[in-house]
Structure formats: structure tokens, C-alpha cells
Amino acid sequence: MDTFVDWSKSKEFMKESLTFAKKPMGKYIDVEKVLVAREQALSANEIHERAYAGKYEPITPMDPKKMP
């Protein structure tokens, strides 16, 4: 998901961010936790930052090899 809404900002993040370099696919999230954050009126940017910080990780770790 591109939360920057501006390709130049997105491109800069992908080129310059150490966070992105370490984990370019991002983190798995628990969608229910993100929905709660939206209901609490958090912005897309706040959710993005918190997701990268691990605030919305699922209780059970995801295994991409077992995803449908």
C-alpha cells in the first residue's frame, strides 16, 4: 500500500529509507488492529509508521509459504 500519495515521496522512501531496505515487503499486520486504529481517527501516515514499528502484528506469526 502506498501511503505517500505522491510517487516522488514514495520513490524517495524506497531509495533512502533504512527501514524499507531492511524489510522491503513491510510487516504482516492484523487487519482488525488496523481497523481499530482507523476508528480511532489515526491518519494513514500514523498507521503506516506504527505498522512498521510492529504495533499491528498478528498474534500468530505469518508464514508466507502457507498463505493462500
# chains A, B, ... in the order shown; residues from 1 in each chain; ligands from 1
>>> residues_around(residues="segment 40-48 of chain A", least_positions_apart="6", cutoff="9 Å", atoms="only C-alpha atoms", output="ChimeraX atom specification")
/A:3-4,34,55-56
>>> residues_around(residues="segment 23-28 of chain A", least_positions_apart="4", cutoff="12 Å", atoms="only C-alpha atoms", output="list in words")
Met1, Asp2, Phe13, Met14, Lys15, Glu16, Ser17, Leu18, Thr19, Lys33, Val34, His48, Glu49, Arg50, Ala51, Tyr52, Ala53, Gly54, Lys55, Tyr56, Glu57, Pro58, Ile59, Thr60, Pro61, Met62, Asp63, Pro64 and Met67 of chain A
>>> select_by_dssp(residues="chain A", states="helix (DSSP H, G or I)", output="ChimeraX atom specification")
/A:7-16,18-22,31-39,44-52,64-66
>>> atom_distance(atom1="atom CA of Trp7 of chain A", atom2="atom CA of Ala21 of chain A")
17.7 Å
>>> decode(residues="chain A", atoms="C-alpha atoms", output="tab-separated table (two decimals), in the first residue's frame")
chain	number	residue	atom	x	y	z
A	1	MET	CA	0.00	0.00	0.00
A	2	ASP	CA	1.36	3.39	-0.96
A	3	THR	CA	0.55	5.77	1.86
A	4	PHE	CA	2.51	8.70	0.46
A	5	VAL	CA	0.02	9.56	-2.33
A	6	ASP	CA	2.94	11.14	-4.19
A	7	TRP	CA	5.19	9.00	-6.35
A	8	SER	CA	8.25	11.20	-5.72
A	9	LYS	CA	7.85	10.73	-1.95
A	10	SER	CA	7.24	7.00	-2.36
A	11	LYS	CA	10.30	6.65	-4.56
A	12	GLU	CA	12.43	8.62	-2.09
A	13	PHE	CA	11.26	6.38	0.77
A	14	MET	CA	12.15	3.24	-1.18
A	15	LYS	CA	15.58	4.59	-2.17
A	16	GLU	CA	16.61	6.24	1.09
A	17	SER	CA	14.84	4.52	3.98
A	18	LEU	CA	16.89	2.09	6.06
A	19	THR	CA	13.61	0.68	7.36
A	20	PHE	CA	12.50	-0.13	3.82
A	21	ALA	CA	15.92	-1.54	2.94
A	22	LYS	CA	15.79	-3.93	5.90
A	23	LYS	CA	12.30	-5.21	5.11
A	24	PRO	CA	11.05	-4.04	1.69
A	25	MET	CA	7.88	-6.14	1.87
A	26	GLY	CA	6.93	-4.42	5.12
A	27	LYS	CA	5.39	-6.29	8.02
A	28	TYR	CA	2.40	-8.53	8.28
A	29	ILE	CA	-0.50	-6.85	10.02
A	30	ASP	CA	-3.62	-7.86	11.86
A	31	VAL	CA	-6.31	-6.12	9.83
A	32	GLU	CA	-8.63	-5.91	12.84
A	33	LYS	CA	-6.00	-3.90	14.73
A	34	VAL	CA	-5.65	-1.51	11.79
A	35	LEU	CA	-9.43	-1.08	11.60
A	36	VAL	CA	-9.48	-0.13	15.29
A	37	ALA	CA	-6.75	2.43	14.59
A	38	ARG	CA	-8.82	3.94	11.77
A	39	GLU	CA	-11.88	4.05	14.01
A	40	GLN	CA	-9.72	5.99	16.47
A	41	ALA	CA	-9.12	8.52	13.66
A	42	LEU	CA	-5.42	7.78	13.17
A	43	SER	CA	-4.12	9.04	9.85
A	44	ALA	CA	-2.80	6.73	7.15
A	45	ASN	CA	0.70	8.04	7.92
A	46	GLU	CA	0.37	7.29	11.63
A	47	ILE	CA	-0.86	3.78	10.86
A	48	HIS	CA	1.99	3.29	8.39
A	49	GLU	CA	4.59	4.33	10.97
A	50	ARG	CA	3.02	2.17	13.67
A	51	ALA	CA	2.75	-0.81	11.33
A	52	TYR	CA	6.48	-0.60	10.52
A	53	ALA	CA	7.13	-0.34	14.27
A	54	GLY	CA	5.27	-3.64	14.78
A	55	LYS	CA	2.21	-2.24	16.55
A	56	TYR	CA	-0.27	-4.22	14.41
A	57	GLU	CA	1.49	-7.56	14.06
A	58	PRO	CA	-0.74	-10.64	14.21
A	59	ILE	CA	-0.67	-12.73	17.39
A	60	THR	CA	0.23	-15.81	15.34
A	61	PRO	CA	3.29	-15.21	13.14
A	62	MET	CA	2.57	-15.38	9.42
A	63	ASP	CA	4.32	-17.93	7.23
A	64	PRO	CA	4.33	-16.70	3.61
A	65	LYS	CA	4.86	-20.25	2.40
A	66	LYS	CA	1.46	-21.20	3.84
A	67	MET	CA	-0.51	-18.23	2.60
A	68	PRO	CA	-3.36	-18.94	0.15
